[in-house]
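Heads up, run-v6.pdb below (PDB, C-alpha atoms):
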ATOM      1  CA  MET A 133     100.116 -36.071 192.749
ATOM      2  CA  LYS A 134      98.630 -32.633 192.998
ATOM      3  CA  ALA A 135      99.191 -29.595 195.146
ATOM      4  CA  THR A 136      97.519 -26.239 195.524
ATOM      5  CA  VAL A 137      99.646 -23.205 196.364
ATOM      6  CA  ILE A 138      97.716 -20.340 197.930
ATOM      7  CA  VAL A 139      99.459 -16.953 197.850
ATOM      8  CA  THR A 140      98.115 -14.005 199.829
ATOM      9  CA  LEU A 141      99.357 -10.558 200.745
ATOM     10  CA  LYS A 142     100.804 -10.328 204.253
ATOM     11  CA  PRO A 143      98.234  -9.001 206.747
ATOM     12  CA  THR A 144     100.286  -5.807 207.128
ATOM     13  CA  VAL A 145     100.193  -5.032 203.395
ATOM     14  CA  LEU A 146      97.412  -2.866 201.981
ATOM     15  CA  ASP A 147      95.221  -4.698 199.423
ATOM     16  CA  PRO A 148      93.554  -2.096 197.159
ATOM     17  CA  GLN A 149      91.840  -4.817 195.092
ATOM     18  CA  GLY A 150      90.279  -6.527 198.112
ATOM     19  CA  MET A 151      89.193  -3.156 199.501
ATOM     20  CA  THR A 152      87.512  -2.240 196.213
ATOM     21  CA  ILE A 153      85.625  -5.549 196.183
ATOM     22  CA  GLN A 154      84.517  -5.108 199.790
ATOM     23  CA  ARG A 155      83.322  -1.543 199.185
ATOM     24  CA  SER A 156      81.121  -2.622 196.296
ATOM     25  CA  LEU A 157      79.274  -5.265 198.331
ATOM     26  CA  SER A 158      76.774  -3.012 200.071
ATOM     27  CA  SER A 159      75.068  -2.331 196.731
ATOM     28  CA  ILE A 160      73.919  -5.967 196.569
ATOM     29  CA  GLY A 161      73.051  -6.213 200.246
ATOM     30  CA  LEU A 162      76.135  -8.076 201.527
ATOM     31  CA  SER A 163      76.579  -5.565 204.287
ATOM     32  CA  ASP A 164      77.846  -8.048 206.922
ATOM     33  CA  ILE A 165      81.086  -8.713 205.019
ATOM     34  CA  SER A 166      83.551  -6.349 206.628
ATOM     35  CA  ASP A 167      86.783  -7.379 204.913
ATOM     36  CA  VAL A 168      87.915  -9.025 201.664
ATOM     37  CA  ARG A 169      91.521  -9.906 200.882
ATOM     38  CA  GLN A 170      92.414 -10.993 197.353
ATOM     39  CA  GLY A 171      94.976 -13.725 196.660
ATOM     40  CA  LYS A 172      96.098 -16.217 194.042
ATOM     41  CA  ILE A 173      95.724 -19.987 193.702
ATOM     42  CA  PHE A 174      98.091 -22.167 191.667
ATOM     43  CA  ASN A 175      97.149 -25.770 190.875
ATOM     44  CA  VAL A 176     100.296 -27.842 190.454
ATOM     45  CA  VAL A 177     100.719 -31.393 189.137
ATOM     46  CA  LEU A 178     103.885 -33.171 190.216
ATOM     47  CA  LYS A 179     105.631 -36.508 190.077
ATOM     48  CA  ASP A 180     105.456 -38.414 193.327
ATOM     49  CA  GLY A 181     108.130 -37.522 195.793
ATOM     50  CA  SER A 182     109.037 -34.093 194.403
ATOM     51  CA  ARG A 183     107.389 -32.102 197.165
ATOM     52  CA  GLU A 184     110.590 -30.169 197.656
ATOM     53  CA  GLN A 185     110.260 -28.739 194.140
ATOM     54  CA  VAL A 186     106.777 -27.460 194.924
ATOM     55  CA  GLU A 187     108.145 -25.857 198.086
ATOM     56  CA  ARG A 188     110.830 -24.126 196.009
ATOM     57  CA  LEU A 189     108.283 -23.091 193.360
ATOM     58  CA  ALA A 190     106.092 -21.511 196.033
ATOM     59  CA  LYS A 191     108.962 -19.818 197.828
ATOM     60  CA  GLU A 192     111.199 -18.699 194.965
ATOM     61  CA  VAL A 193     108.743 -18.020 192.138
ATOM     62  CA  LEU A 194     105.115 -17.682 193.187
ATOM     63  CA  THR A 195     105.704 -15.521 196.261
ATOM     64  CA  ASN A 196     107.454 -12.195 196.753
ATOM     65  CA  PRO A 197     108.530 -12.492 200.399
ATOM     66  CA  VAL A 198     108.523  -8.708 200.828
ATOM     67  CA  ILE A 199     104.740  -8.526 200.453
ATOM     68  CA  GLU A 200     103.311 -12.049 200.268
ATOM     69  CA  GLU A 201     103.064 -15.360 202.106
ATOM     70  CA  TYR A 202     101.985 -18.813 200.949
ATOM     71  CA  ARG A 203     100.650 -22.112 202.073
ATOM     72  CA  ILE A 204     100.538 -25.411 200.261
ATOM     73  CA  VAL A 205      97.611 -27.843 200.340
ATOM     74  CA  TRP A 206      98.583 -31.379 199.268
ATOM     75  CA  GLU A 207      95.980 -33.648 197.670
TER      76      GLU A 207
ATOM     77  CA  MET B 117     131.932   5.205 178.165
ATOM     78  CA  LYS B 118     129.124   2.948 177.015
ATOM     79  CA  PHE B 119     125.493   2.669 178.053
ATOM     80  CA  GLY B 120     123.408  -0.474 177.614
ATOM     81  CA  VAL B 121     119.611  -0.687 177.425
ATOM     82  CA  VAL B 122     118.143  -4.105 178.259
ATOM     83  CA  ILE B 123     115.346  -5.492 176.103
ATOM     84  CA  PHE B 124     113.045  -7.974 177.825
ATOM     85  CA  PRO B 125     110.112  -9.493 175.963
ATOM     86  CA  GLY B 126     107.511  -6.804 176.624
ATOM     87  CA  SER B 127     109.843  -3.844 177.210
ATOM     88  CA  ASN B 128     108.379  -0.821 175.436
ATOM     89  CA  CYS B 129     110.514   2.147 176.513
ATOM     90  CA  ASP B 130     113.769   0.605 175.305
ATOM     91  CA  HIS B 131     113.922   2.862 172.243
ATOM     92  CA  ASP B 132     113.023   5.938 174.323
ATOM     93  CA  CYS B 133     116.007   5.272 176.598
ATOM     94  CA  TYR B 134     118.284   4.514 173.656
ATOM     95  CA  TYR B 135     117.225   7.768 171.989
ATOM     96  CA  ALA B 136     117.751   9.800 175.178
ATOM     97  CA  ILE B 137     121.318   8.513 175.535
ATOM     98  CA  GLU B 138     122.307   8.575 171.874
ATOM     99  CA  SER B 139     120.602  11.728 170.615
ATOM    100  CA  VAL B 140     119.976  13.887 173.688
ATOM    101  CA  ILE B 141     123.065  13.091 175.766
ATOM    102  CA  GLY B 142     125.213  12.111 172.790
ATOM    103  CA  LYS B 143     126.909   9.065 174.319
ATOM    104  CA  PRO B 144     127.495   5.567 172.895
ATOM    105  CA  VAL B 145     124.687   3.100 173.629
ATOM    106  CA  ASP B 146     123.765  -0.437 172.624
ATOM    107  CA  PHE B 147     120.807  -2.688 173.263
ATOM    108  CA  ILE B 148     121.309  -5.746 175.488
ATOM    109  CA  TRP B 149     119.115  -8.786 174.749
ATOM    110  CA  HIS B 150     117.612 -10.490 177.801
ATOM    111  CA  GLN B 151     119.435 -13.722 176.881
ATOM    112  CA  ASP B 152     122.851 -12.015 176.886
ATOM    113  CA  THR B 153     125.201 -12.785 179.750
ATOM    114  CA  SER B 154     128.289 -10.712 178.940
ATOM    115  CA  LEU B 155     128.212  -7.085 180.047
ATOM    116  CA  ASN B 156     131.941  -6.380 179.785
ATOM    117  CA  ALA B 157     131.415  -3.718 177.129
ATOM    118  CA  PHE B 158     129.226  -1.546 179.366
ATOM    119  CA  ASP B 159     129.700   1.081 182.070
ATOM    120  CA  ALA B 160     126.039   1.765 182.822
ATOM    121  CA  ILE B 161     122.939  -0.354 182.269
ATOM    122  CA  ILE B 162     119.358   0.878 181.975
ATOM    123  CA  LEU B 163     116.353  -1.371 182.577
ATOM    124  CA  PRO B 164     113.601   0.386 180.646
ATOM    125  CA  GLY B 165     109.885   0.676 181.246
ATOM    126  CA  GLY B 166     107.285  -1.633 179.780
ATOM    127  CA  PHE B 167     105.607  -4.884 180.694
ATOM    128  CA  ALA B 168     108.371  -7.492 180.805
ATOM    129  CA  TYR B 169     106.914 -10.987 180.363
ATOM    130  CA  GLY B 170     103.500  -9.329 180.251
ATOM    131  CA  ASP B 171     103.813  -8.569 183.978
ATOM    132  CA  TYR B 172     102.478 -12.114 184.460
ATOM    133  CA  LEU B 173     102.460 -13.418 188.045
ATOM    134  CA  ARG B 174     103.705 -10.069 189.433
ATOM    135  CA  THR B 175     105.340  -7.079 187.770
ATOM    136  CA  GLY B 176     108.988  -7.935 187.231
ATOM    137  CA  ALA B 177     108.599 -11.404 188.747
ATOM    138  CA  LEU B 178     109.475 -13.437 185.659
ATOM    139  CA  ALA B 179     111.992 -10.968 184.224
ATOM    140  CA  LYS B 180     114.259 -11.645 187.192
ATOM    141  CA  PHE B 181     114.850 -15.181 185.870
ATOM    142  CA  SER B 182     116.217 -13.885 182.538
ATOM    143  CA  PRO B 183     119.866 -14.884 181.949
ATOM    144  CA  VAL B 184     120.834 -11.198 181.736
ATOM    145  CA  MET B 185     119.659 -10.559 185.307
ATOM    146  CA  ARG B 186     122.306 -12.794 186.857
ATOM    147  CA  ALA B 187     124.942 -10.829 184.908
ATOM    148  CA  ILE B 188     123.361  -7.538 186.009
ATOM    149  CA  GLY B 189     123.540  -8.692 189.637
ATOM    150  CA  GLU B 190     127.271  -9.322 189.271
ATOM    151  CA  PHE B 191     127.702  -6.027 187.394
ATOM    152  CA  ALA B 192     125.954  -4.184 190.247
ATOM    153  CA  ASN B 193     128.017  -5.965 192.907
ATOM    154  CA  LYS B 194     131.168  -4.748 191.171
ATOM    155  CA  GLY B 195     129.873  -1.175 191.424
ATOM    156  CA  GLY B 196     128.508  -0.718 187.882
ATOM    157  CA  LEU B 197     125.655   1.752 187.413
ATOM    158  CA  VAL B 198     122.296  -0.013 187.098
ATOM    159  CA  TYR B 199     119.271   2.202 186.534
ATOM    160  CA  GLY B 200     115.719   0.837 186.514
ATOM    161  CA  ILE B 201     112.924   3.066 185.224
ATOM    162  CA  CYS B 202     109.283   2.134 185.983
ATOM    163  CA  ASN B 203     109.057  -1.566 185.051
ATOM    164  CA  GLY B 204     112.840  -1.599 185.434
ATOM    165  CA  PHE B 205     112.390  -0.474 189.059
ATOM    166  CA  GLN B 206     109.849  -3.244 189.621
ATOM    167  CA  ILE B 207     112.303  -5.801 188.189
ATOM    168  CA  LEU B 208     115.151  -4.552 190.420
ATOM    169  CA  THR B 209     113.032  -4.950 193.577
ATOM    170  CA  GLU B 210     111.908  -8.439 192.519
ATOM    171  CA  ALA B 211     115.531  -9.383 191.841
ATOM    172  CA  GLY B 212     116.531  -8.162 195.298
ATOM    173  CA  LEU B 213     118.890  -5.488 193.961
ATOM    174  CA  LEU B 214     116.718  -2.828 195.624
ATOM    175  CA  PRO B 215     114.650  -3.102 198.825
ATOM    176  CA  GLY B 216     110.850  -2.988 198.961
ATOM    177  CA  ALA B 217     108.164  -3.791 196.396
ATOM    178  CA  LEU B 218     105.751  -1.959 194.100
ATOM    179  CA  LEU B 219     102.074  -2.640 194.825
ATOM    180  CA  ARG B 220      98.938  -1.797 192.872
ATOM    181  CA  ASN B 221      98.124   1.937 192.967
ATOM    182  CA  VAL B 222      95.735   2.710 195.812
ATOM    183  CA  SER B 223      93.272   4.246 193.327
ATOM    184  CA  MET B 224      93.339   0.976 191.305
ATOM    185  CA  LYS B 225      93.866   3.179 188.246
ATOM    186  CA  TYR B 226      96.678   3.298 185.725
ATOM    187  CA  ILE B 227      98.030   6.831 186.077
ATOM    188  CA  CYS B 228      99.739   8.640 183.206
ATOM    189  CA  LYS B 229     100.602  12.278 183.925
ATOM    190  CA  PHE B 230     103.352  14.726 184.781
ATOM    191  CA  VAL B 231     104.306  14.798 188.475
ATOM    192  CA  GLU B 232     106.678  16.931 190.509
ATOM    193  CA  LEU B 233     109.544  15.267 192.346
ATOM    194  CA  ARG B 234     111.725  16.636 195.099
ATOM    195  CA  THR B 235     115.380  15.639 194.891
ATOM    196  CA  GLU B 236     116.217  14.297 198.355
ATOM    197  CA  THR B 237     119.931  13.772 197.883
ATOM    198  CA  ALA B 238     122.581  14.936 195.438
ATOM    199  CA  ASN B 239     124.915  12.264 196.763
ATOM    200  CA  THR B 240     124.307   9.629 194.087
ATOM    201  CA  PRO B 241     125.761   9.004 190.608
ATOM    202  CA  TYR B 242     122.290   9.897 189.286
ATOM    203  CA  THR B 243     121.780  13.266 190.964
ATOM    204  CA  ASN B 244     125.231  14.836 191.175
ATOM    205  CA  VAL B 245     124.301  17.804 188.934
ATOM    206  CA  LEU B 246     121.167  18.435 191.025
ATOM    207  CA  LYS B 247     120.774  20.217 194.344
ATOM    208  CA  LYS B 248     119.070  18.719 197.358
ATOM    209  CA  GLY B 249     115.511  20.060 197.348
ATOM    210  CA  GLN B 250     115.505  20.722 193.591
ATOM    211  CA  ILE B 251     112.102  20.069 192.017
ATOM    212  CA  LEU B 252     111.913  18.044 188.798
ATOM    213  CA  ARG B 253     108.909  17.733 186.516
ATOM    214  CA  ILE B 254     108.864  14.190 185.106
ATOM    215  CA  PRO B 255     105.911  12.027 183.966
ATOM    216  CA  ILE B 256     104.721   8.748 185.434
ATOM    217  CA  GLY B 257     102.829   5.998 183.627
ATOM    218  CA  HIS B 258     102.049   3.006 185.830
ATOM    219  CA  GLY B 259      99.389   0.885 187.494
ATOM    220  CA  GLU B 260     101.729  -0.607 190.093
ATOM    221  CA  GLY B 261     103.937   2.144 191.482
ATOM    222  CA  ASN B 262     102.821   2.081 195.092
ATOM    223  CA  PHE B 263     106.116   1.677 196.945
ATOM    224  CA  TYR B 264     105.963  -0.598 199.967
ATOM    225  CA  ALA B 265     108.572  -1.752 202.462
ATOM    226  CA  ASP B 266     108.178  -2.919 206.046
ATOM    227  CA  GLU B 267     108.876  -0.466 208.854
ATOM    228  CA  ASP B 268     112.418  -1.625 209.575
ATOM    229  CA  THR B 269     113.375  -1.411 205.903
ATOM    230  CA  LEU B 270     111.802   2.042 205.555
ATOM    231  CA  LYS B 271     113.715   3.281 208.556
ATOM    232  CA  ARG B 272     116.934   1.844 207.166
ATOM    233  CA  ILE B 273     116.587   3.462 203.731
ATOM    234  CA  GLU B 274     115.626   6.791 205.296
ATOM    235  CA  ASP B 275     118.541   6.674 207.764
ATOM    236  CA  ASN B 276     120.981   5.779 204.970
ATOM    237  CA  ASP B 277     119.821   8.648 202.750
ATOM    238  CA  GLN B 278     118.673   6.139 200.116
ATOM    239  CA  VAL B 279     115.467   7.982 199.164
ATOM    240  CA  VAL B 280     116.448   9.884 196.026
ATOM    241  CA  PHE B 281     113.109  11.299 194.835
ATOM    242  CA  ARG B 282     109.814  11.973 196.626
ATOM    243  CA  TYR B 283     106.480  12.967 195.059
ATOM    244  CA  LEU B 284     105.252  16.431 196.049
ATOM    245  CA  GLU B 285     101.709  15.077 195.642
ATOM    246  CA  ASN B 286     101.552  11.331 196.187
ATOM    247  CA  PRO B 287      99.789   9.851 193.126
ATOM    248  CA  ASN B 288      99.740   6.155 193.999
ATOM    249  CA  GLY B 289      99.881   5.550 197.765
ATOM    250  CA  SER B 290     103.651   5.059 198.026
ATOM    251  CA  LEU B 291     104.862   4.969 201.621
ATOM    252  CA  HIS B 292     106.787   8.119 202.601
ATOM    253  CA  ASP B 293     105.860   9.532 199.130
ATOM    254  CA  ILE B 294     108.793   7.564 197.720
ATOM    255  CA  ALA B 295     109.278   7.802 193.939
ATOM    256  CA  GLY B 296     112.851   6.509 193.689
ATOM    257  CA  ILE B 297     115.537   4.871 195.833
ATOM    258  CA  VAL B 298     119.145   3.733 195.583
ATOM    259  CA  ASN B 299     120.744   0.666 197.139
ATOM    260  CA  GLU B 300     123.145   0.949 200.054
ATOM    261  CA  LYS B 301     126.165   1.204 197.759
ATOM    262  CA  ARG B 302     124.294   3.941 195.825
ATOM    263  CA  ASN B 303     125.147   2.528 192.377
ATOM    264  CA  VAL B 304     121.678   1.038 191.693
ATOM    265  CA  LEU B 305     118.732   3.433 191.248
ATOM    266  CA  GLY B 306     115.090   2.558 190.687
ATOM    267  CA  MET B 307     112.333   5.106 190.111
ATOM    268  CA  MET B 308     108.779   5.037 188.766
ATOM    269  CA  PRO B 309     108.839   8.380 186.845
ATOM    270  CA  HIS B 310     110.223   8.423 183.299
ATOM    271  CA  PRO B 311     113.198  10.737 182.578
ATOM    272  CA  ASP B 312     113.322   9.061 179.159
ATOM    273  CA  ARG B 313     109.984  10.763 178.425
ATOM    274  CA  SER B 314     111.128  14.176 179.660
ATOM    275  CA  SER B 315     114.617  14.883 178.341
ATOM    276  CA  GLU B 316     113.725  17.485 175.729
ATOM    277  CA  ALA B 317     111.627  20.650 175.958
ATOM    278  CA  ILE B 318     109.445  19.473 173.064
ATOM    279  CA  LEU B 319     108.228  16.625 175.323
ATOM    280  CA  GLY B 320     107.007  19.093 177.945
ATOM    281  CA  SER B 321     110.053  18.975 180.205
ATOM    282  CA  ALA B 322     113.797  18.505 179.859
ATOM    283  CA  ASP B 323     114.340  17.785 183.560
ATOM    284  CA  GLY B 324     114.933  14.073 182.968
ATOM    285  CA  LYS B 325     118.089  14.917 181.062
ATOM    286  CA  LEU B 326     119.695  16.031 184.343
ATOM    287  CA  ILE B 327     119.654  12.446 185.607
ATOM    288  CA  PHE B 328     121.369  11.088 182.493
ATOM    289  CA  GLU B 329     123.891  13.960 182.656
ATOM    290  CA  SER B 330     124.649  13.050 186.260
ATOM    291  CA  MET B 331     125.393   9.476 185.158
ATOM    292  CA  VAL B 332     127.814  10.764 182.516
ATOM    293  CA  ASN B 333     129.411  12.976 185.165
ATOM    294  CA  ALA B 334     129.819  10.024 187.526
ATOM    295  CA  LEU B 335     131.364   7.841 184.818
ATOM    296  CA  VAL B 336     133.777  10.561 183.663
ATOM    297  CA  SER B 337     135.069  11.182 187.177
ATOM    298  CA  ARG B 338     135.717   7.489 187.888
TER     299      ARG B 338
END
Could you render the structure from this file as structure tokens?
Amino acid sequence: MKATVIVTLKPTVLDPQGMTIQRSLSSIGLSDISDVRQGKIFNVVLKDGSREQVERLAKEVLTNPVIEEYRIVWE
Amino acid sequence: MKFGVVIFPGSNCDHDCYYAIESVIGKPVDFIWHQDTSLNAFDAIILPGGFAYGDYLRTGALAKFSPVMRAIGEFANKGGLVYGICNGFQILTEAGLLPGALLRNVSMKYICKFVELRTETANTPYTNVLKKGQILRIPIGHGEGNFYADEDTLKRIEDNDQVVFRYLENPNGSLHDIAGIVNEKRNVLGMMPHPDRSSEAILGSADGKLIFESMVNALVSR
């Protein structure tokens, strides 16, 4: 079984990396893109039935709850 | 009185801190390996700068799972002095021993230069030889020193007089110009600037020494 954990900064947290990407877009004509937020994706392989461990991984390791949030996509 | 300097894989200011305590302050100091779990021999523990665990995942994120960190949490809860410098500050926020988090610098650049700090409180074991308002000249060297906390947390640390140092000129985007904070019990300090790199005049400033001297003062008067 596989899962994908997507970690992003909370909407209230400034994302200097995303802002830098967005600002560079006008030079290649992508002027309609008004916002870019950068995040992280973790591809996880697990034994069947251990969804709880992926939840803990996402919550306790992959995410800093002060600045980030996560969602899990199960395959 | 004994100081301990923690070595994580990737720490690179461990010897600077050791030198500052042993040779500049003249107090006993030992290294603490990140696998160690007994801290009985120590009165104050320094988490030095560097790139613990390569800063993989997030700065300080993997260091908090080191066996020594559980012991440091207990040490802090008992009132022991725990002092995180730069990467050490990042580790202490990740471990939940200090509020907030350190984000990427707004400029996206790694910044290495002297900065001026205003001492916001003398009421900590780290600033007791300083005066409120005293300006210190201490260098920074970081890419992720942009202090962030949500509004409620910011209000709480301001109301509790937990902001210890503020930048005169904000180099990295830190909210409220915050360079260093203590926990509520005031025995845990984290700050981005490096007193270990500014404790002797030959290094360009000896202001950092005042922080280590305050720690000695606090330990003597216990």
Set the distance at 9 Å and use only C-alpha atoms: which residues neighbour region 141-149 of chain A once local chain neighbours fewer than 6 positions away are removed? I'd like the list as a PDB file with C-alpha atoms, keeping the file's coordinate frame.
ATOM      1  CA  VAL A 168      87.915  -9.025 201.664  1.00  0.00           C
ATOM      2  CA  ARG A 169      91.521  -9.906 200.882  1.00  0.00           C
ATOM      3  CA  GLN A 170      92.414 -10.993 197.353  1.00  0.00           C
ATOM      4  CA  GLY A 171      94.976 -13.725 196.660  1.00  0.00           C
ATOM      5  CA  PRO A 197     108.530 -12.492 200.399  1.00  0.00           C
ATOM      6  CA  VAL A 198     108.523  -8.708 200.828  1.00  0.00           C
ATOM      7  CA  ILE A 199     104.740  -8.526 200.453  1.00  0.00           C
ATOM      8  CA  GLU A 200     103.311 -12.049 200.268  1.00  0.00           C
ATOM      9  CA  GLU A 201     103.064 -15.360 202.106  1.00  0.00           C
ATOM     10  CA  TYR A 202     101.985 -18.813 200.949  1.00  0.00           C
TER      11      TYR A 202
ATOM     12  CA  LEU B 219     102.074  -2.640 194.825  1.00  0.00           C
ATOM     13  CA  ARG B 220      98.938  -1.797 192.872  1.00  0.00           C
ATOM     14  CA  ASN B 221      98.124   1.937 192.967  1.00  0.00           C
ATOM     15  CA  VAL B 222      95.735   2.710 195.812  1.00  0.00           C
ATOM     16  CA  SER B 223      93.272   4.246 193.327  1.00  0.00           C
ATOM     17  CA  MET B 224      93.339   0.976 191.305  1.00  0.00           C
ATOM     18  CA  TYR B 264     105.963  -0.598 199.967  1.00  0.00           C
ATOM     19  CA  ASP B 266     108.178  -2.919 206.046  1.00  0.00           C
TER      20      ASP B 266
END
Next on the checklist: Counting all atoms listed in the file, a student should be able to say which residues of chain B come within 12 Å of chain A; what is the right answer, written as a VMD selection string?
Outcome noted: chain B and resid 172 to 181 206 to 207 209 to 212 214 to 225 259 to 260 262 to 269 288 to 291
Just write the chosen residues, C-alpha atoms, as a compact mmCIF listing (two decimals), in the coordinates of the input.
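Produced file result_12.txt, reproduced below:
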# COMPACT_ATOMS: atom_id res chain seq x y z
CA TYR B 172 102.48 -12.11 184.46
CA LEU B 173 102.46 -13.42 188.04
CA ARG B 174 103.70 -10.07 189.43
CA THR B 175 105.34 -7.08 187.77
CA GLY B 176 108.99 -7.94 187.23
CA ALA B 177 108.60 -11.40 188.75
CA LEU B 178 109.48 -13.44 185.66
CA ALA B 179 111.99 -10.97 184.22
CA LYS B 180 114.26 -11.64 187.19
CA PHE B 181 114.85 -15.18 185.87
CA GLN B 206 109.85 -3.24 189.62
CA ILE B 207 112.30 -5.80 188.19
CA THR B 209 113.03 -4.95 193.58
CA GLU B 210 111.91 -8.44 192.52
CA ALA B 211 115.53 -9.38 191.84
CA GLY B 212 116.53 -8.16 195.30
CA LEU B 214 116.72 -2.83 195.62
CA PRO B 215 114.65 -3.10 198.82
CA GLY B 216 110.85 -2.99 198.96
CA ALA B 217 108.16 -3.79 196.40
CA LEU B 218 105.75 -1.96 194.10
CA LEU B 219 102.07 -2.64 194.82
CA ARG B 220 98.94 -1.80 192.87
CA ASN B 221 98.12 1.94 192.97
CA VAL B 222 95.74 2.71 195.81
CA SER B 223 93.27 4.25 193.33
CA MET B 224 93.34 0.98 191.30
CA LYS B 225 93.87 3.18 188.25
CA GLY B 259 99.39 0.88 187.49
CA GLU B 260 101.73 -0.61 190.09
CA ASN B 262 102.82 2.08 195.09
CA PHE B 263 106.12 1.68 196.94
CA TYR B 264 105.96 -0.60 199.97
CA ALA B 265 108.57 -1.75 202.46
CA ASP B 266 108.18 -2.92 206.05
CA GLU B 267 108.88 -0.47 208.85
CA ASP B 268 112.42 -1.62 209.58
CA THR B 269 113.38 -1.41 205.90
CA ASN B 288 99.74 6.16 194.00
CA GLY B 289 99.88 5.55 197.76
CA SER B 290 103.65 5.06 198.03
CA LEU B 291 104.86 4.97 201.62
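Across the structure, CA of Ala190 (chain A) and CA of Gly306 (chain B) are spaced 26.2 Å apart.
Among the candidates B:Lys271, B:Lys229, B:His131, B:Arg302, the residue lying nearest to Pro241 (chain B) is B:Arg302 (atoms considered: all atoms listed in the file).
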Next on the checklist: Residues within 9 Å of (120.7, -14.2, 182.2), file coordinates, counting only C-alpha atoms: what are they? Give the list as a PyMOL selection string.
Outcome noted: chain B and resi 150-154+180-188
Checklist outcome for this item: If you count only C-alpha atoms, the residue of B:Ile162, B:Ile141, B:Ala317, B:Val279 closest to Ser330 (chain B) turns out to be B:Ile141
Item to check | Residue among A:Ile204, A:Ile160, A:Val139, A:Ile153 lying closest to Glu184 (chain A), counting only C-alpha atoms | outcome: A:Ile204
Is there a way to get, as a JSON list (two decimals) with C-alpha atoms, in the frame of the given file, all residues within 9 Å of the point (105.8, 6.4, 186.4) in file coordinates, counting all atoms listed in the file?
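Final output, point-v7.json:
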[["chain", "number", "residue", "atom", "x", "y", "z"],
["B", 165, "GLY", "CA", 109.88, 0.68, 181.25],
["B", 201, "ILE", "CA", 112.92, 3.07, 185.22],
["B", 202, "CYS", "CA", 109.28, 2.13, 185.98],
["B", 203, "ASN", "CA", 109.06, -1.57, 185.05],
["B", 227, "ILE", "CA", 98.03, 6.83, 186.08],
["B", 228, "CYS", "CA", 99.74, 8.64, 183.21],
["B", 229, "LYS", "CA", 100.60, 12.28, 183.92],
["B", 230, "PHE", "CA", 103.35, 14.73, 184.78],
["B", 231, "VAL", "CA", 104.31, 14.80, 188.48],
["B", 254, "ILE", "CA", 108.86, 14.19, 185.11],
["B", 255, "PRO", "CA", 105.91, 12.03, 183.97],
["B", 256, "ILE", "CA", 104.72, 8.75, 185.43],
["B", 257, "GLY", "CA", 102.83, 6.00, 183.63],
["B", 258, "HIS", "CA", 102.05, 3.01, 185.83],
["B", 259, "GLY", "CA", 99.39, 0.88, 187.49],
["B", 260, "GLU", "CA", 101.73, -0.61, 190.09],
["B", 261, "GLY", "CA", 103.94, 2.14, 191.48],
["B", 295, "ALA", "CA", 109.28, 7.80, 193.94],
["B", 307, "MET", "CA", 112.33, 5.11, 190.11],
["B", 308, "MET", "CA", 108.78, 5.04, 188.77],
["B", 309, "PRO", "CA", 108.84, 8.38, 186.84],
["B", 310, "HIS", "CA", 110.22, 8.42, 183.30]]
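The space separating CA of Glu207 (chain A) from CA of Gly181 (chain A) comes to 12.9 Å.
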Checklist entry - Looking at only C-alpha atoms, which of B:Pro287, B:Gly170, B:Pro164, B:Gly196 is the one that sits closest to Met117 (chain B)? => result B:Gly196
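The interatomic distance for the pair CA of Gly200 (chain B) and CA of Leu163 (chain B) works out to 4.6 Å.
Residues in contact with Ala135 (chain A) at up to 8 Å, not including ones fewer than 2 positions away on its chain and judged by all atoms listed in the file, are A:Met133, A:Val137, A:Asn175, A:Val176, A:Val177, A:Leu178, A:Val186, A:Ile204, A:Val205, A:Trp206, A:Glu207.
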Please save C-alpha atoms of the selected residues as a PDB file, in the coordinates of the input.
ATOM      1  CA  MET A 133     100.116 -36.071 192.749  1.00  0.00           C
ATOM      2  CA  VAL A 137      99.646 -23.205 196.364  1.00  0.00           C
ATOM      3  CA  ASN A 175      97.149 -25.770 190.875  1.00  0.00           C
ATOM      4  CA  VAL A 176     100.296 -27.842 190.454  1.00  0.00           C
ATOM      5  CA  VAL A 177     100.719 -31.393 189.137  1.00  0.00           C
ATOM      6  CA  LEU A 178     103.885 -33.171 190.216  1.00  0.00           C
ATOM      7  CA  VAL A 186     106.777 -27.460 194.924  1.00  0.00           C
ATOM      8  CA  ILE A 204     100.538 -25.411 200.261  1.00  0.00           C
ATOM      9  CA  VAL A 205      97.611 -27.843 200.340  1.00  0.00           C
ATOM     10  CA  TRP A 206      98.583 -31.379 199.268  1.00  0.00           C
ATOM     11  CA  GLU A 207      95.980 -33.648 197.670  1.00  0.00           C
TER      12      GLU A 207
END
